[in-house]
Amino acid sequence: DTGVSQNPRHKITKRGQNVTFRCDPISEHNRLYWYRQTLGQGPEFLTYFQNEAQLEKSRLLSDRFSAERPKGSFSTLEIQRTEQGDSAMYLCASNAVGGQPQHFGDGTRLSIL
Amino acid sequence: DQQVKQNSPSLSVQEGRISILNCDYTNSMFDYFLWYKKYPAEGPTFLISISSIKDKNEDGRFTVFLNKSAKHLSLHIVPSQPGDSAVYFCAASSTLQGAQKLVFGQGTRLTINP
């Protein structure tokens, strides 16, 4: 039983570049979530999908951020024109409809130079 | 506004003793609460949860208590073991306000001393 998989584990980029992260949820889970965690804080909700539909977006998700889940399986999170404040750990989680809890991947750590 | 608060950034407990981690919340609409454990360089791992219709849930060495009137929950670990050393997050969600969105506290770093 594989868990939630996130790639890459670490991304270093220059300010102003675009970055894309991938999340592969647990195979039978149809709900997928993105969170962001900064140092010393708990994870903060960004957005979630049920199958391929994006059902909720946080106000934290500025227009530079876009998330997709085209076939209801894996998801991508893209950040355009990265800024210093985007440096954080980006976590993906999944669960099944009607089921808690959310199961998390190990995250992608983004570092902006 | 911080809807879920863990006021103790760190806690140190002797091996074999009880560890008590605390969490307060402000949103009275929260009706489901969870505790996650996080090791360095790993994602949060689910530990235990409780619905607002209960005031206690137990799973092995872990027990979560919920006091709705005080908007307070706590996690008891007994006996504490060295492998319990990690950062612990409490989280909450509301069925009416988007059941799937978890709101996390800032975390408490638990250190178990041999």
# chains A, B, ... in the order shown; residues from 1 in each chain; ligands from 1
call {"tool": "closest_atom_pairs", "arguments": {"of": "chain B", "to": "chain A", "cutoff": "10 Å", "atoms": "only C-alpha atoms", "output": "CSV"}}
result
residue,atom,partner,partner_atom,distance
B:Val4,CA,A:Gly42,CA,9.7
B:Lys5,CA,A:Gly42,CA,9.9
B:Gln6,CA,A:Gly42,CA,9.9
B:Pro9,CA,A:Gly40,CA,8.9
B:Tyr32,CA,A:Gln100,CA,9.6
B:Phe33,CA,A:Pro101,CA,9.8
B:Leu34,CA,A:Pro101,CA,7.9
B:Trp35,CA,A:Pro101,CA,9.9
B:Tyr36,CA,A:Pro101,CA,9.8
B:Lys38,CA,A:Asp106,CA,9.8
B:Tyr39,CA,A:Asp106,CA,9.9
B:Pro40,CA,A:Asp106,CA,9.7
B:Ala41,CA,A:Asp106,CA,6.9
B:Glu42,CA,A:Asp106,CA,4.6
B:Gly43,CA,A:Asp106,CA,3.9
B:Pro44,CA,A:Phe104,CA,6.0
B:Thr45,CA,A:Phe104,CA,6.8
B:Phe46,CA,A:His103,CA,6.9
B:Leu47,CA,A:Pro101,CA,9.3
B:Ile48,CA,A:Pro101,CA,8.9
B:Ser49,CA,A:Pro101,CA,8.0
B:Tyr88,CA,A:Gly42,CA,9.6
B:Phe89,CA,A:Gly42,CA,6.9
B:Cys90,CA,A:Gly42,CA,8.8
B:Ala91,CA,A:Gly42,CA,8.9
B:Gly98,CA,A:Glu56,CA,8.2
B:Ala99,CA,A:Gly98,CA,9.9
B:Gln100,CA,A:Tyr48,CA,7.9
B:Lys101,CA,A:Phe45,CA,6.4
B:Leu102,CA,A:Phe45,CA,6.7
B:Val103,CA,A:Glu44,CA,6.8
B:Phe104,CA,A:Gly42,CA,5.3
B:Gly105,CA,A:Gly42,CA,5.5
B:Gln106,CA,A:Gly42,CA,4.5
B:Gly107,CA,A:Gly42,CA,6.1
B:Thr108,CA,A:Gly40,CA,9.6
call {"tool": "write_last_selection", "arguments": {"atoms": "N, CA, C and O atoms", "output": "tab-separated table (two decimals), in the first residue's frame"}}
result
chain	number	residue	atom	x	y	z
B	4	VAL	N	-6.87	27.86	15.75
B	4	VAL	CA	-6.40	26.71	16.54
B	4	VAL	C	-5.04	27.07	17.11
B	4	VAL	O	-4.14	27.46	16.35
B	5	LYS	N	-4.90	26.97	18.41
B	5	LYS	CA	-3.67	27.41	19.06
B	5	LYS	C	-3.07	26.33	19.92
B	5	LYS	O	-3.77	25.68	20.70
B	6	GLN	N	-1.78	26.15	19.77
B	6	GLN	CA	-1.01	25.30	20.67
B	6	GLN	C	-0.02	26.22	21.35
B	6	GLN	O	0.94	26.67	20.74
B	9	PRO	N	5.27	25.76	22.72
B	9	PRO	CA	6.09	25.39	21.56
B	9	PRO	C	6.87	24.10	21.80
B	9	PRO	O	7.19	23.39	20.85
B	32	TYR	N	-14.79	18.32	14.35
B	32	TYR	CA	-13.93	17.14	14.17
B	32	TYR	C	-12.51	17.58	14.42
B	32	TYR	O	-12.07	18.60	13.88
B	33	PHE	N	-11.79	16.79	15.24
B	33	PHE	CA	-10.47	17.21	15.68
B	33	PHE	C	-9.50	16.03	15.51
B	33	PHE	O	-9.87	14.87	15.72
B	34	LEU	N	-8.29	16.37	15.13
B	34	LEU	CA	-7.29	15.34	14.86
B	34	LEU	C	-5.95	15.75	15.47
B	34	LEU	O	-5.67	16.93	15.66
B	35	TRP	N	-5.14	14.75	15.73
B	35	TRP	CA	-3.74	14.97	16.12
B	35	TRP	C	-2.84	14.28	15.09
B	35	TRP	O	-3.09	13.13	14.70
B	36	TYR	N	-1.82	15.01	14.66
B	36	TYR	CA	-0.81	14.48	13.74
B	36	TYR	C	0.54	14.57	14.41
B	36	TYR	O	0.81	15.49	15.19
B	38	LYS	N	4.75	14.65	13.49
B	38	LYS	CA	5.64	14.92	12.37
B	38	LYS	C	7.10	14.77	12.79
B	38	LYS	O	7.57	15.43	13.70
B	39	TYR	N	7.80	13.89	12.06
B	39	TYR	CA	9.25	13.77	12.21
B	39	TYR	C	9.92	14.68	11.19
B	39	TYR	O	9.32	15.04	10.16
B	40	PRO	N	11.18	15.08	11.44
B	40	PRO	CA	11.90	15.92	10.48
B	40	PRO	C	11.96	15.28	9.09
B	40	PRO	O	12.13	14.07	8.97
B	41	ALA	N	11.79	16.08	8.07
B	41	ALA	CA	11.88	15.67	6.67
B	41	ALA	C	10.79	14.67	6.27
B	41	ALA	O	10.92	14.02	5.23
B	42	GLU	N	9.75	14.55	7.07
B	42	GLU	CA	8.62	13.71	6.70
B	42	GLU	C	7.33	14.53	6.79
B	42	GLU	O	7.27	15.55	7.46
B	43	GLY	N	6.29	14.03	6.12
B	43	GLY	CA	5.00	14.68	6.24
B	43	GLY	C	4.31	14.30	7.54
B	43	GLY	O	4.71	13.36	8.22
B	44	PRO	N	3.26	15.04	7.92
B	44	PRO	CA	2.52	14.70	9.14
B	44	PRO	C	1.87	13.32	9.02
B	44	PRO	O	1.38	12.95	7.96
B	45	THR	N	1.90	12.59	10.12
B	45	THR	CA	1.29	11.26	10.18
B	45	THR	C	0.12	11.30	11.16
B	45	THR	O	0.26	11.76	12.29
B	46	PHE	N	-1.02	10.81	10.71
B	46	PHE	CA	-2.23	10.81	11.55
B	46	PHE	C	-2.03	9.93	12.78
B	46	PHE	O	-1.50	8.82	12.69
B	47	LEU	N	-2.48	10.44	13.94
B	47	LEU	CA	-2.40	9.69	15.18
B	47	LEU	C	-3.77	9.24	15.66
B	47	LEU	O	-4.03	8.06	15.85
B	48	ILE	N	-4.65	10.20	15.90
B	48	ILE	CA	-5.92	9.91	16.54
B	48	ILE	C	-6.87	11.07	16.28
B	48	ILE	O	-6.42	12.20	16.06
B	49	SER	N	-8.16	10.79	16.28
B	49	SER	CA	-9.14	11.85	16.05
B	49	SER	C	-10.30	11.71	17.02
B	49	SER	O	-10.45	10.68	17.70
B	88	TYR	N	4.07	17.66	17.33
B	88	TYR	CA	2.68	17.26	17.33
B	88	TYR	C	1.79	18.44	16.94
B	88	TYR	O	1.91	19.52	17.51
B	89	PHE	N	0.92	18.20	15.97
B	89	PHE	CA	-0.02	19.23	15.53
B	89	PHE	C	-1.44	18.80	15.85
B	89	PHE	O	-1.82	17.65	15.58
B	90	CYS	N	-2.24	19.70	16.39
B	90	CYS	CA	-3.67	19.45	16.43
B	90	CYS	C	-4.30	20.16	15.24
B	90	CYS	O	-3.76	21.15	14.72
B	91	ALA	N	-5.41	19.61	14.78
B	91	ALA	CA	-6.10	20.17	13.62
B	91	ALA	C	-7.59	20.03	13.84
B	91	ALA	O	-8.05	19.15	14.59
B	98	GLY	N	-17.02	23.67	5.26
B	98	GLY	CA	-16.01	23.07	4.37
B	98	GLY	C	-15.30	21.97	5.10
B	98	GLY	O	-14.19	22.12	5.56
B	99	ALA	N	-15.97	20.83	5.18
B	99	ALA	CA	-15.50	19.75	6.06
B	99	ALA	C	-14.10	19.30	5.74
B	99	ALA	O	-13.41	18.77	6.60
B	100	GLN	N	-13.67	19.51	4.53
B	100	GLN	CA	-12.38	18.94	4.14
B	100	GLN	C	-11.20	19.83	4.48
B	100	GLN	O	-10.07	19.41	4.39
B	101	LYS	N	-11.44	21.06	4.85
B	101	LYS	CA	-10.36	21.98	5.12
B	101	LYS	C	-9.93	21.81	6.57
B	101	LYS	O	-10.72	22.05	7.48
B	102	LEU	N	-8.69	21.37	6.77
B	102	LEU	CA	-8.15	21.24	8.12
B	102	LEU	C	-7.46	22.53	8.52
B	102	LEU	O	-6.71	23.11	7.73
B	103	VAL	N	-7.72	22.99	9.73
B	103	VAL	CA	-7.04	24.15	10.30
B	103	VAL	C	-6.11	23.64	11.39
B	103	VAL	O	-6.56	22.97	12.33
B	104	PHE	N	-4.84	23.94	11.26
B	104	PHE	CA	-3.81	23.39	12.15
B	104	PHE	C	-3.35	24.42	13.18
B	104	PHE	O	-3.35	25.63	12.92
B	105	GLY	N	-2.92	23.90	14.33
B	105	GLY	CA	-2.19	24.72	15.28
B	105	GLY	C	-0.73	24.83	14.86
B	105	GLY	O	-0.31	24.27	13.85
B	106	GLN	N	0.05	25.55	15.67
B	106	GLN	CA	1.44	25.83	15.31
B	106	GLN	C	2.39	24.68	15.64
B	106	GLN	O	3.54	24.66	15.20
B	107	GLY	N	1.90	23.71	16.42
B	107	GLY	CA	2.72	22.56	16.76
B	107	GLY	C	3.39	22.68	18.11
B	107	GLY	O	3.68	23.77	18.60
B	108	THR	N	3.63	21.52	18.73
B	108	THR	CA	4.39	21.41	19.98
B	108	THR	C	5.47	20.36	19.78
B	108	THR	O	5.16	19.24	19.38
call {"tool": "closest_residue", "arguments": {"among": "A:Ser66, A:Ser75, A:Gln50, A:Thr82", "to": "Cys23 (chain A)", "atoms": "only C-alpha atoms"}}
result
A:Ser75
call {"tool": "atom_distance", "arguments": {"atom1": "CA of Lys37 (chain B)", "atom2": "CA of Ala96 (chain A)"}}
result
20.8 Å
call {"tool": "residues_around", "arguments": {"residues": "Gly60 (chain B)", "least_positions_apart": "6", "cutoff": "12 Å", "atoms": "only C-alpha atoms", "output": "list in words"}}
result
Leu47, Ile48, His76, Ile77, Val78, Pro79 and Ser80 of chain B
call {"tool": "write_last_selection", "arguments": {"atoms": "C-alpha atoms", "output": "PDB file, in the first residue's frame"}}
result
ATOM      1  CA  LEU B  47      -2.398   9.691  15.182  1.00  0.00           C
ATOM      2  CA  ILE B  48      -5.924   9.906  16.538  1.00  0.00           C
ATOM      3  CA  HIS B  76      -2.265  12.095  26.477  1.00  0.00           C
ATOM      4  CA  ILE B  77       0.541   9.671  25.708  1.00  0.00           C
ATOM      5  CA  VAL B  78       1.246   7.066  28.343  1.00  0.00           C
ATOM      6  CA  PRO B  79       3.772   5.672  28.816  1.00  0.00           C
ATOM      7  CA  SER B  80       5.962   8.003  26.780  1.00  0.00           C
TER       8      SER B  80
END
call {"tool": "residues_around", "arguments": {"residues": "Ser28 (chain B)", "least_positions_apart": "4", "cutoff": "12 Å", "atoms": "only C-alpha atoms", "output": "ChimeraX atom specification"}}
result
/B:3-4,24,32,52,67-72,92-97
call {"tool": "atom_distance", "arguments": {"atom1": "CA of Val87 (chain B)", "atom2": "CA of Asp86 (chain A)"}}
result
22.8 Å
call {"tool": "select_by_dssp", "arguments": {"residues": "region 2-113 of chain A", "states": "strand (DSSP E)", "output": "PDB file with N, CA and C atoms, in the first residue's frame"}}
result
ATOM      1  N   SER A   5       2.698  10.355  -2.681  1.00  0.00           N
ATOM      2  CA  SER A   5       4.035  10.598  -3.206  1.00  0.00           C
ATOM      3  C   SER A   5       4.134  12.005  -3.776  1.00  0.00           C
ATOM      4  N   GLN A   6       5.190  12.733  -3.407  1.00  0.00           N
ATOM      5  CA  GLN A   6       5.379  14.086  -3.914  1.00  0.00           C
ATOM      6  C   GLN A   6       6.759  14.218  -4.549  1.00  0.00           C
ATOM      7  N   ASN A   7       6.788  14.910  -5.678  1.00  0.00           N
ATOM      8  CA  ASN A   7       8.041  15.146  -6.389  1.00  0.00           C
ATOM      9  C   ASN A   7       8.068  16.573  -6.947  1.00  0.00           C
ATOM     10  N   HIS A  10      12.799  18.489  -3.103  1.00  0.00           N
ATOM     11  CA  HIS A  10      13.371  19.812  -2.853  1.00  0.00           C
ATOM     12  C   HIS A  10      13.552  20.520  -4.183  1.00  0.00           C
ATOM     13  N   LYS A  11      13.140  21.781  -4.232  1.00  0.00           N
ATOM     14  CA  LYS A  11      13.285  22.584  -5.434  1.00  0.00           C
ATOM     15  C   LYS A  11      13.926  23.913  -5.069  1.00  0.00           C
ATOM     16  N   ILE A  12      15.031  24.225  -5.724  1.00  0.00           N
ATOM     17  CA  ILE A  12      15.711  25.507  -5.525  1.00  0.00           C
ATOM     18  C   ILE A  12      15.604  26.266  -6.832  1.00  0.00           C
ATOM     19  N   THR A  13      15.157  27.505  -6.756  1.00  0.00           N
ATOM     20  CA  THR A  13      14.986  28.275  -7.973  1.00  0.00           C
ATOM     21  C   THR A  13      15.258  29.747  -7.698  1.00  0.00           C
ATOM     22  N   VAL A  19       7.700  27.338 -11.138  1.00  0.00           N
ATOM     23  CA  VAL A  19       7.979  25.991 -10.636  1.00  0.00           C
ATOM     24  C   VAL A  19       6.690  25.172 -10.639  1.00  0.00           C
ATOM     25  N   THR A  20       6.851  23.880 -10.788  1.00  0.00           N
ATOM     26  CA  THR A  20       5.702  22.971 -10.769  1.00  0.00           C
ATOM     27  C   THR A  20       6.026  21.771  -9.892  1.00  0.00           C
ATOM     28  N   PHE A  21       5.069  21.429  -9.027  1.00  0.00           N
ATOM     29  CA  PHE A  21       5.203  20.269  -8.146  1.00  0.00           C
ATOM     30  C   PHE A  21       4.151  19.244  -8.523  1.00  0.00           C
ATOM     31  N   ARG A  22       4.470  17.978  -8.247  1.00  0.00           N
ATOM     32  CA  ARG A  22       3.526  16.904  -8.561  1.00  0.00           C
ATOM     33  C   ARG A  22       3.177  16.139  -7.292  1.00  0.00           C
ATOM     34  N   CYS A  23       1.921  15.691  -7.230  1.00  0.00           N
ATOM     35  CA  CYS A  23       1.449  14.862  -6.115  1.00  0.00           C
ATOM     36  C   CYS A  23       0.690  13.663  -6.682  1.00  0.00           C
ATOM     37  N   ASP A  24       1.067  12.485  -6.247  1.00  0.00           N
ATOM     38  CA  ASP A  24       0.330  11.254  -6.566  1.00  0.00           C
ATOM     39  C   ASP A  24      -0.335  10.764  -5.287  1.00  0.00           C
ATOM     40  N   ARG A  31     -10.224  12.377  -3.049  1.00  0.00           N
ATOM     41  CA  ARG A  31     -10.025  13.761  -2.612  1.00  0.00           C
ATOM     42  C   ARG A  31      -8.532  14.030  -2.432  1.00  0.00           C
ATOM     43  N   LEU A  32      -8.109  15.183  -2.915  1.00  0.00           N
ATOM     44  CA  LEU A  32      -6.693  15.563  -2.869  1.00  0.00           C
ATOM     45  C   LEU A  32      -6.596  16.999  -2.426  1.00  0.00           C
ATOM     46  N   TYR A  33      -5.624  17.279  -1.541  1.00  0.00           N
ATOM     47  CA  TYR A  33      -5.477  18.585  -0.903  1.00  0.00           C
ATOM     48  C   TYR A  33      -4.044  19.099  -1.058  1.00  0.00           C
ATOM     49  N   TRP A  34      -3.925  20.414  -1.116  1.00  0.00           N
ATOM     50  CA  TRP A  34      -2.621  21.061  -1.043  1.00  0.00           C
ATOM     51  C   TRP A  34      -2.590  21.982   0.169  1.00  0.00           C
ATOM     52  N   TYR A  35      -1.474  21.918   0.905  1.00  0.00           N
ATOM     53  CA  TYR A  35      -1.232  22.781   2.050  1.00  0.00           C
ATOM     54  C   TYR A  35       0.167  23.398   1.895  1.00  0.00           C
ATOM     55  N   ARG A  36       0.370  24.494   2.605  1.00  0.00           N
ATOM     56  CA  ARG A  36       1.687  25.115   2.650  1.00  0.00           C
ATOM     57  C   ARG A  36       2.081  25.264   4.113  1.00  0.00           C
ATOM     58  N   GLN A  37       3.347  24.948   4.402  1.00  0.00           N
ATOM     59  CA  GLN A  37       3.834  25.075   5.773  1.00  0.00           C
ATOM     60  C   GLN A  37       5.110  25.894   5.792  1.00  0.00           C
ATOM     61  N   GLU A  44      -1.045  25.173   6.284  1.00  0.00           N
ATOM     62  CA  GLU A  44      -2.182  26.036   5.950  1.00  0.00           C
ATOM     63  C   GLU A  44      -2.824  25.531   4.661  1.00  0.00           C
ATOM     64  N   PHE A  45      -4.129  25.411   4.688  1.00  0.00           N
ATOM     65  CA  PHE A  45      -4.880  24.901   3.551  1.00  0.00           C
ATOM     66  C   PHE A  45      -4.767  25.839   2.357  1.00  0.00           C
ATOM     67  N   LEU A  46      -4.540  25.253   1.175  1.00  0.00           N
ATOM     68  CA  LEU A  46      -4.506  26.036  -0.067  1.00  0.00           C
ATOM     69  C   LEU A  46      -5.709  25.732  -0.950  1.00  0.00           C
ATOM     70  N   THR A  47      -5.933  24.434  -1.239  1.00  0.00           N
ATOM     71  CA  THR A  47      -7.002  24.068  -2.158  1.00  0.00           C
ATOM     72  C   THR A  47      -7.278  22.582  -2.062  1.00  0.00           C
ATOM     73  N   TYR A  48      -8.470  22.157  -2.564  1.00  0.00           N
ATOM     74  CA  TYR A  48      -8.711  20.727  -2.623  1.00  0.00           C
ATOM     75  C   TYR A  48      -9.552  20.350  -3.831  1.00  0.00           C
ATOM     76  N   PHE A  49      -9.382  19.104  -4.255  1.00  0.00           N
ATOM     77  CA  PHE A  49     -10.075  18.526  -5.402  1.00  0.00           C
ATOM     78  C   PHE A  49     -10.878  17.311  -4.950  1.00  0.00           C
ATOM     79  N   GLN A  50     -12.041  17.182  -5.556  1.00  0.00           N
ATOM     80  CA  GLN A  50     -12.747  15.905  -5.488  1.00  0.00           C
ATOM     81  C   GLN A  50     -12.797  15.398  -6.917  1.00  0.00           C
ATOM     82  N   ALA A  53     -12.462  17.897 -10.055  1.00  0.00           N
ATOM     83  CA  ALA A  53     -13.062  19.204  -9.764  1.00  0.00           C
ATOM     84  C   ALA A  53     -12.369  19.882  -8.587  1.00  0.00           C
ATOM     85  N   GLN A  54     -11.943  21.127  -8.803  1.00  0.00           N
ATOM     86  CA  GLN A  54     -11.352  21.926  -7.728  1.00  0.00           C
ATOM     87  C   GLN A  54     -12.507  22.589  -6.978  1.00  0.00           C
ATOM     88  N   LEU A  55     -12.764  22.179  -5.748  1.00  0.00           N
ATOM     89  CA  LEU A  55     -13.969  22.585  -5.040  1.00  0.00           C
ATOM     90  C   LEU A  55     -13.768  23.743  -4.074  1.00  0.00           C
ATOM     91  N   GLU A  56     -12.553  23.975  -3.626  1.00  0.00           N
ATOM     92  CA  GLU A  56     -12.336  25.086  -2.709  1.00  0.00           C
ATOM     93  C   GLU A  56     -10.918  25.612  -2.875  1.00  0.00           C
ATOM     94  N   LYS A  57     -10.791  26.933  -2.804  1.00  0.00           N
ATOM     95  CA  LYS A  57      -9.488  27.589  -2.878  1.00  0.00           C
ATOM     96  C   LYS A  57      -9.385  28.588  -1.746  1.00  0.00           C
ATOM     97  N   PHE A  65      -0.648  31.260  -8.390  1.00  0.00           N
ATOM     98  CA  PHE A  65      -0.731  29.829  -8.076  1.00  0.00           C
ATOM     99  C   PHE A  65      -1.856  29.197  -8.900  1.00  0.00           C
ATOM    100  N   SER A  66      -1.584  28.026  -9.447  1.00  0.00           N
ATOM    101  CA  SER A  66      -2.640  27.273 -10.103  1.00  0.00           C
ATOM    102  C   SER A  66      -2.441  25.790  -9.830  1.00  0.00           C
ATOM    103  N   ALA A  67      -3.537  25.112  -9.582  1.00  0.00           N
ATOM    104  CA  ALA A  67      -3.498  23.679  -9.309  1.00  0.00           C
ATOM    105  C   ALA A  67      -4.442  22.976 -10.272  1.00  0.00           C
ATOM    106  N   GLU A  68      -4.020  21.778 -10.672  1.00  0.00           N
ATOM    107  CA  GLU A  68      -4.841  20.988 -11.588  1.00  0.00           C
ATOM    108  C   GLU A  68      -4.834  19.533 -11.154  1.00  0.00           C
ATOM    109  N   SER A  75      -1.974  15.278  -9.203  1.00  0.00           N
ATOM    110  CA  SER A  75      -2.239  16.714  -9.257  1.00  0.00           C
ATOM    111  C   SER A  75      -0.914  17.455  -9.415  1.00  0.00           C
ATOM    112  N   THR A  76      -0.988  18.642 -10.017  1.00  0.00           N
ATOM    113  CA  THR A  76       0.171  19.529 -10.092  1.00  0.00           C
ATOM    114  C   THR A  76      -0.183  20.871  -9.476  1.00  0.00           C
ATOM    115  N   LEU A  77       0.807  21.472  -8.844  1.00  0.00           N
ATOM    116  CA  LEU A  77       0.689  22.823  -8.296  1.00  0.00           C
ATOM    117  C   LEU A  77       1.782  23.652  -8.952  1.00  0.00           C
ATOM    118  N   GLU A  78       1.382  24.709  -9.655  1.00  0.00           N
ATOM    119  CA  GLU A  78       2.341  25.573 -10.332  1.00  0.00           C
ATOM    120  C   GLU A  78       2.360  26.933  -9.663  1.00  0.00           C
ATOM    121  N   ILE A  79       3.544  27.472  -9.482  1.00  0.00           N
ATOM    122  CA  ILE A  79       3.715  28.836  -8.985  1.00  0.00           C
ATOM    123  C   ILE A  79       4.443  29.612 -10.072  1.00  0.00           C
ATOM    124  N   ALA A  88       8.733  27.716   1.215  1.00  0.00           N
ATOM    125  CA  ALA A  88       7.923  26.974   2.181  1.00  0.00           C
ATOM    126  C   ALA A  88       7.981  25.493   1.838  1.00  0.00           C
ATOM    127  N   MET A  89       7.346  24.697   2.699  1.00  0.00           N
ATOM    128  CA  MET A  89       7.127  23.289   2.394  1.00  0.00           C
ATOM    129  C   MET A  89       5.712  23.170   1.834  1.00  0.00           C
ATOM    130  N   TYR A  90       5.573  22.552   0.673  1.00  0.00           N
ATOM    131  CA  TYR A  90       4.262  22.354   0.074  1.00  0.00           C
ATOM    132  C   TYR A  90       3.876  20.887   0.262  1.00  0.00           C
ATOM    133  N   LEU A  91       2.776  20.692   0.972  1.00  0.00           N
ATOM    134  CA  LEU A  91       2.329  19.352   1.347  1.00  0.00           C
ATOM    135  C   LEU A  91       1.081  18.970   0.574  1.00  0.00           C
ATOM    136  N   CYS A  92       1.011  17.734   0.196  1.00  0.00           N
ATOM    137  CA  CYS A  92      -0.163  17.176  -0.467  1.00  0.00           C
ATOM    138  C   CYS A  92      -0.760  16.098   0.443  1.00  0.00           C
ATOM    139  N   ALA A  93      -2.072  15.999   0.455  1.00  0.00           N
ATOM    140  CA  ALA A  93      -2.749  14.987   1.254  1.00  0.00           C
ATOM    141  C   ALA A  93      -3.907  14.411   0.452  1.00  0.00           C
ATOM    142  N   SER A  94      -4.365  13.239   0.843  1.00  0.00           N
ATOM    143  CA  SER A  94      -5.513  12.646   0.161  1.00  0.00           C
ATOM    144  C   SER A  94      -6.362  11.854   1.142  1.00  0.00           C
ATOM    145  N   ASN A  95      -7.630  11.701   0.794  1.00  0.00           N
ATOM    146  CA  ASN A  95      -8.506  10.778   1.515  1.00  0.00           C
ATOM    147  C   ASN A  95      -9.684  10.423   0.606  1.00  0.00           C
ATOM    148  N   HIS A 103      -4.272  11.784   4.634  1.00  0.00           N
ATOM    149  CA  HIS A 103      -2.936  11.196   4.694  1.00  0.00           C
ATOM    150  C   HIS A 103      -2.002  12.081   3.880  1.00  0.00           C
ATOM    151  N   PHE A 104      -0.873  12.454   4.492  1.00  0.00           N
ATOM    152  CA  PHE A 104       0.031  13.417   3.883  1.00  0.00           C
ATOM    153  C   PHE A 104       1.232  12.762   3.227  1.00  0.00           C
ATOM    154  N   THR A 108       7.190  18.920  -0.724  1.00  0.00           N
ATOM    155  CA  THR A 108       8.226  19.502  -1.574  1.00  0.00           C
ATOM    156  C   THR A 108       8.681  20.791  -0.905  1.00  0.00           C
ATOM    157  N   ARG A 109       9.976  20.865  -0.613  1.00  0.00           N
ATOM    158  CA  ARG A 109      10.496  22.093  -0.004  1.00  0.00           C
ATOM    159  C   ARG A 109      10.970  23.023  -1.101  1.00  0.00           C
ATOM    160  N   LEU A 110      10.392  24.217  -1.168  1.00  0.00           N
ATOM    161  CA  LEU A 110      10.751  25.212  -2.168  1.00  0.00           C
ATOM    162  C   LEU A 110      11.644  26.267  -1.538  1.00  0.00           C
ATOM    163  N   SER A 111      12.799  26.483  -2.160  1.00  0.00           N
ATOM    164  CA  SER A 111      13.725  27.527  -1.706  1.00  0.00           C
ATOM    165  C   SER A 111      13.921  28.513  -2.843  1.00  0.00           C
ATOM    166  N   ILE A 112      13.674  29.787  -2.558  1.00  0.00           N
ATOM    167  CA  ILE A 112      13.811  30.845  -3.562  1.00  0.00           C
ATOM    168  C   ILE A 112      15.105  31.610  -3.288  1.00  0.00           C
TER     169      ILE A 112
END
call {"tool": "closest_residue", "arguments": {"among": "A:Asn51, A:Asn18, A:Ser27, A:Gln80", "to": "Arg64 (chain A)", "atoms": "only C-alpha atoms"}}
result
A:Gln80
call {"tool": "residues_around", "arguments": {"residues": "Lys56 (chain B)", "least_positions_apart": "2", "cutoff": "10 Å", "atoms": "only C-alpha atoms", "output": "mmCIF file with C-alpha atoms, in the first residue's frame"}}
result
data_model
loop_
_atom_site.group_PDB
_atom_site.id
_atom_site.type_symbol
_atom_site.label_atom_id
_atom_site.label_comp_id
_atom_site.auth_asym_id
_atom_site.auth_seq_id
_atom_site.Cartn_x
_atom_site.Cartn_y
_atom_site.Cartn_z
ATOM 1 C CA SER B 49 -9.144 11.852 16.046
ATOM 2 C CA ILE B 50 -12.329 12.720 17.898
ATOM 3 C CA SER B 51 -15.772 13.882 16.855
ATOM 4 C CA SER B 52 -17.549 16.609 18.808
ATOM 5 C CA ILE B 53 -20.222 14.124 19.882
ATOM 6 C CA LYS B 54 -17.622 12.431 22.073
ATOM 7 C CA GLU B 58 -8.539 6.104 23.098
ATOM 8 C CA THR B 63 -5.993 9.258 24.352
ATOM 9 C CA VAL B 64 -7.614 12.464 23.154
ATOM 10 C CA PHE B 65 -9.935 14.440 25.416
ATOM 11 C CA LEU B 66 -12.339 17.097 24.173
ATOM 12 C CA ASN B 67 -13.879 19.791 26.369
ATOM 13 C CA LEU B 73 -8.558 19.375 23.576
ATOM 14 C CA SER B 74 -5.604 17.445 24.847
ATOM 15 C CA LEU B 75 -3.557 14.450 23.798
#
call {"tool": "residues_around", "arguments": {"residues": "Lys14 (chain A)", "least_positions_apart": "2", "cutoff": "7 Å", "atoms": "only C-alpha atoms", "output": "number ranges by chain"}}
result
A: 16-17, 112-113
call {"tool": "closest_residue", "arguments": {"among": "B:Tyr25, B:Asn57, B:Gln14, B:Phe30", "to": "Asp84 (chain B)", "atoms": "only C-alpha atoms"}}
result
B:Gln14
call {"tool": "atom_distance", "arguments": {"atom1": "CA of Thr26 (chain B)", "atom2": "CA of Leu60 (chain A)"}}
result
20.5 Å
